[in-house]
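coords_28.cif follows (mmCIF, C-alpha atoms):
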data_entry
loop_
_atom_site.label_atom_id
_atom_site.label_comp_id
_atom_site.auth_asym_id
_atom_site.auth_seq_id
_atom_site.Cartn_x
_atom_site.Cartn_y
_atom_site.Cartn_z
CA MET S 1 0.00 0.00 0.00
CA HIS S 2 1.16 3.53 -0.72
CA ARG S 3 1.45 6.30 1.81
CA TRP S 4 -0.58 9.34 0.85
CA SER S 5 -1.45 12.71 2.37
CA TYR S 6 -2.52 16.17 1.29
CA VAL S 7 -0.40 19.29 1.16
CA THR S 8 -2.08 22.69 1.46
CA LYS S 9 0.35 24.95 -0.36
CA TYR S 10 -1.40 24.60 -3.76
CA ILE S 11 -4.95 25.30 -2.53
CA ASN S 12 -5.04 28.90 -3.78
CA PRO S 13 -2.11 29.41 -6.16
CA LYS S 14 -3.41 32.75 -7.47
CA GLU S 15 -3.44 34.20 -3.96
CA THR S 16 0.04 32.82 -3.25
CA MET S 17 1.37 34.37 -6.46
CA ALA S 18 -0.19 37.73 -5.52
CA SER S 19 1.42 37.48 -2.09
CA ILE S 20 4.83 36.79 -3.61
CA HIS S 21 4.35 39.73 -5.97
CA SER S 22 3.36 42.11 -3.18
CA HIS S 23 6.26 40.94 -1.02
CA LYS S 24 8.84 41.28 -3.80
CA GLY S 25 7.26 44.30 -5.48
CA ALA S 26 8.43 45.56 -8.84
CA CYS S 27 11.85 44.20 -9.72
CA SER S 28 14.61 46.53 -10.83
CA SER S 29 17.37 43.93 -10.97
CA SER S 30 17.78 40.62 -12.71
CA ALA S 31 18.46 38.88 -9.37
CA CYS S 32 15.08 40.04 -8.08
CA PHE S 33 13.34 39.08 -11.33
CA PHE S 34 14.80 35.56 -11.37
CA GLY S 35 14.10 35.07 -7.67
CA LYS S 36 10.48 36.15 -8.10
CA TRP S 37 10.09 34.01 -11.24
CA SER S 38 11.47 30.90 -9.54
CA LYS S 39 9.17 31.31 -6.51
CA GLN S 40 6.06 31.88 -8.64
CA MET S 41 6.73 29.24 -11.32
CA ILE S 42 5.39 26.25 -9.36
CA TYR S 43 2.23 28.18 -8.43
CA SER S 44 1.61 29.24 -12.03
CA ILE S 45 1.70 25.55 -13.01
CA ALA S 46 -0.76 24.69 -10.21
CA LEU S 47 -2.97 27.63 -11.25
CA LYS S 48 -3.11 26.45 -14.86
CA ASP S 49 -4.18 22.97 -13.69
CA LEU S 50 -6.83 24.54 -11.45
CA GLN S 51 -8.17 26.72 -14.30
CA GLU S 52 -8.28 23.79 -16.73
CA ASN S 53 -9.50 21.30 -14.09
CA LEU S 54 -6.62 18.94 -14.88
CA HIS S 55 -4.25 17.04 -12.64
CA SER S 56 -0.48 16.76 -13.09
CA LEU S 57 2.66 16.76 -10.96
CA VAL S 58 3.88 19.97 -9.38
CA GLU S 59 6.46 18.14 -7.31
CA VAL S 60 7.98 14.71 -7.93
CA ASP S 61 5.36 12.97 -5.75
CA THR S 62 2.69 15.67 -5.49
CA CYS S 63 -0.30 16.39 -7.72
CA SER S 64 -1.56 19.91 -8.38
CA CYS S 65 -4.67 19.04 -6.31
CA GLY S 66 -2.43 18.63 -3.26
CA LEU S 67 -2.35 14.83 -3.19
CA LYS S 68 1.06 13.50 -2.21
CA VAL S 69 1.70 9.80 -2.84
CA GLU S 70 4.93 8.22 -1.66
CA SER S 71 5.66 5.19 -3.80
CA LYS S 72 8.34 3.77 -6.01
CA ARG S 73 5.69 2.83 -8.60
CA LEU S 74 5.50 5.32 -11.46
CA MET S 75 1.71 5.17 -11.84
CA ALA S 76 0.84 5.28 -8.13
CA ILE S 77 -0.14 8.96 -8.22
CA VAL S 78 -2.63 8.56 -11.09
CA GLU S 79 -4.02 5.29 -9.74
CA SER S 80 -4.78 6.84 -6.35
CA LEU S 81 -8.47 7.28 -5.50
CA ASN S 82 -7.67 10.34 -3.36
CA HIS S 83 -7.46 13.13 -5.95
CA ARG S 84 -9.45 16.24 -5.03
CA ASN S 85 -11.27 18.89 -6.98
CA HIS S 86 -8.86 21.85 -7.02
CA THR S 87 -11.49 24.35 -5.90
CA THR S 88 -13.90 22.51 -3.60
CA LEU S 89 -11.30 20.07 -2.21
CA GLU S 90 -13.96 17.34 -2.41
CA LEU S 91 -12.82 13.93 -3.67
CA ASP S 92 -12.71 13.85 -7.46
CA PRO S 93 -14.13 10.48 -8.55
CA ASN S 94 -12.99 10.94 -12.16
CA PRO S 95 -9.85 13.10 -12.29
CA GLN S 96 -8.73 14.22 -15.73
CA PHE S 97 -4.99 14.15 -16.22
CA ARG S 98 -2.92 16.57 -18.27
CA GLY S 99 -1.11 15.20 -21.31
CA LEU S 100 2.57 15.66 -22.08
CA VAL S 101 4.08 18.82 -20.60
CA GLY S 102 7.57 18.94 -22.06
CA ARG S 103 9.39 21.59 -20.09
CA ARG S 104 7.37 23.70 -17.65
CA TYR S 105 9.95 24.26 -14.92
CA HIS S 106 12.58 26.56 -16.34
CA LEU S 107 14.11 29.98 -16.02
CA PRO S 108 14.16 32.46 -18.91
CA GLY S 109 17.27 31.90 -21.00
CA GLN S 110 17.84 28.41 -19.63
CA GLY S 111 18.96 25.88 -22.22
CA LEU S 112 16.31 23.68 -23.81
CA GLU S 113 18.15 20.55 -22.72
CA ASN S 114 17.42 21.29 -19.05
CA ILE S 115 14.23 19.44 -18.13
CA SER S 116 13.23 19.09 -14.49
CA ALA S 117 12.73 15.73 -12.80
CA VAL S 118 9.09 16.69 -12.25
CA ASP S 119 8.40 17.26 -15.95
CA LEU S 120 10.34 14.15 -16.97
CA LYS S 121 8.36 12.00 -14.54
CA TRP S 122 5.03 13.51 -15.61
CA ASP S 123 5.74 12.89 -19.29
CA ARG S 124 6.59 9.25 -18.50
CA ILE S 125 3.23 8.99 -16.69
CA ALA S 126 1.38 10.72 -19.56
CA ASN S 127 2.94 8.31 -22.06
CA GLN S 128 1.81 5.35 -19.95
CA LEU S 129 -1.71 6.81 -19.75
CA LYS S 130 -1.71 7.20 -23.53
CA LYS S 131 -0.64 3.56 -23.98
CA ARG S 132 -3.39 2.39 -21.62
CA ALA S 133 -6.00 4.40 -23.51
CA LYS S 134 -4.91 2.84 -26.83
CA GLN S 135 -5.06 -0.66 -25.34
CA ASN S 136 -8.56 -0.04 -23.99
CA ALA S 137 -9.85 1.46 -27.26
#
Can the structure from this file be put into structure tokens for me?
Amino acid sequence: MHRWSYVTKYINPKETMASIHSHKGACSSSACFFGKWSKQMIYSIALKDLQENLHSLVEVDTCSCGLKVESKRLMAIVESLNHRNHTTLELDPNPQFRGLVGRRYHLPGQGLENISAVDLKWDRIANQLKKRAKQNA
């Protein structure tokens, strides 16, 4: 059996991004800009999932709905019955998962070859989901 829990930091990503913006203010240096960008990036990914009502990884073992599943099995996170609706936080009996993401976690000017472990893992999961869908069709 897999260990699972919920994290609360992705419950209201828009509010968190606004808080980061108000704390950092307008940036007049590249160090400030990159620092602000890197803090907000994960929340912008969670916000996009919330807006599109899709689930995907925002951390290696954490879904954008806040579900954290600790397992060595690749598909454990998508097979879990504990996904929540991003807004109501009620259990989502039929979560819809995002397709391939490519490279979401990056800094401006970063080389295209740099892909985060989160995005790599999600694309492996998305490919497996695609294979399953073809087999069931």
Gap from CA of Arg98 (chain S) to CA of Asp49 (chain S) - Å, one decimal: 8.0 Å
Separation of CA of Lys121 (chain S) from CA of Pro93 (chain S), in Å and rounded to one decimal: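 Computing the Euclidean distance for CA of Lys121 (chain S) and CA of Pro93 (chain S) yields 23.3 Å.
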Residue members of the PyMOL selection byres ((chain S and resi 51) around 12) in the file shown, as a VMD selection string: chain S and resid 12 to 14 44 to 50 52 to 55 64 to 65 85 to 87
Selection: 8 Å around Val118 (chain S), all atoms listed in the file, excl. self and same-chain fewer than 5 positions, as a VMD selection string: chain S and resid 57 to 60
Nearest to Leu100 (chain S) by atom-to-atom distance, counting only C-alpha atoms, from S:Ile42, S:Leu81, S:Ile125, S:Met17: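 For Leu100 (chain S), the nearest of the given residues is S:Ile125.
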Atom pair CA of Tyr105 (chain S) / CA of Ser5 (chain S): separation (Å):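 Result for CA of Tyr105 (chain S) versus CA of Ser5 (chain S): 23.7 Å, one decimal.
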Residue contacts of Ala126 (chain S) (12 Å, all atoms listed in the file) excluding same-chain residues fewer than 6 positions away, as a ChimeraX atom specification: /S:55-57,74-75,77-78,96-102,119-120,132-133
Polymer residues at most 12 Å from (1.1, 11.2, -0.4) by all atoms listed in the file, as a ChimeraX atom specification: /S:1-7,59-63,65-72,76-78,80-83
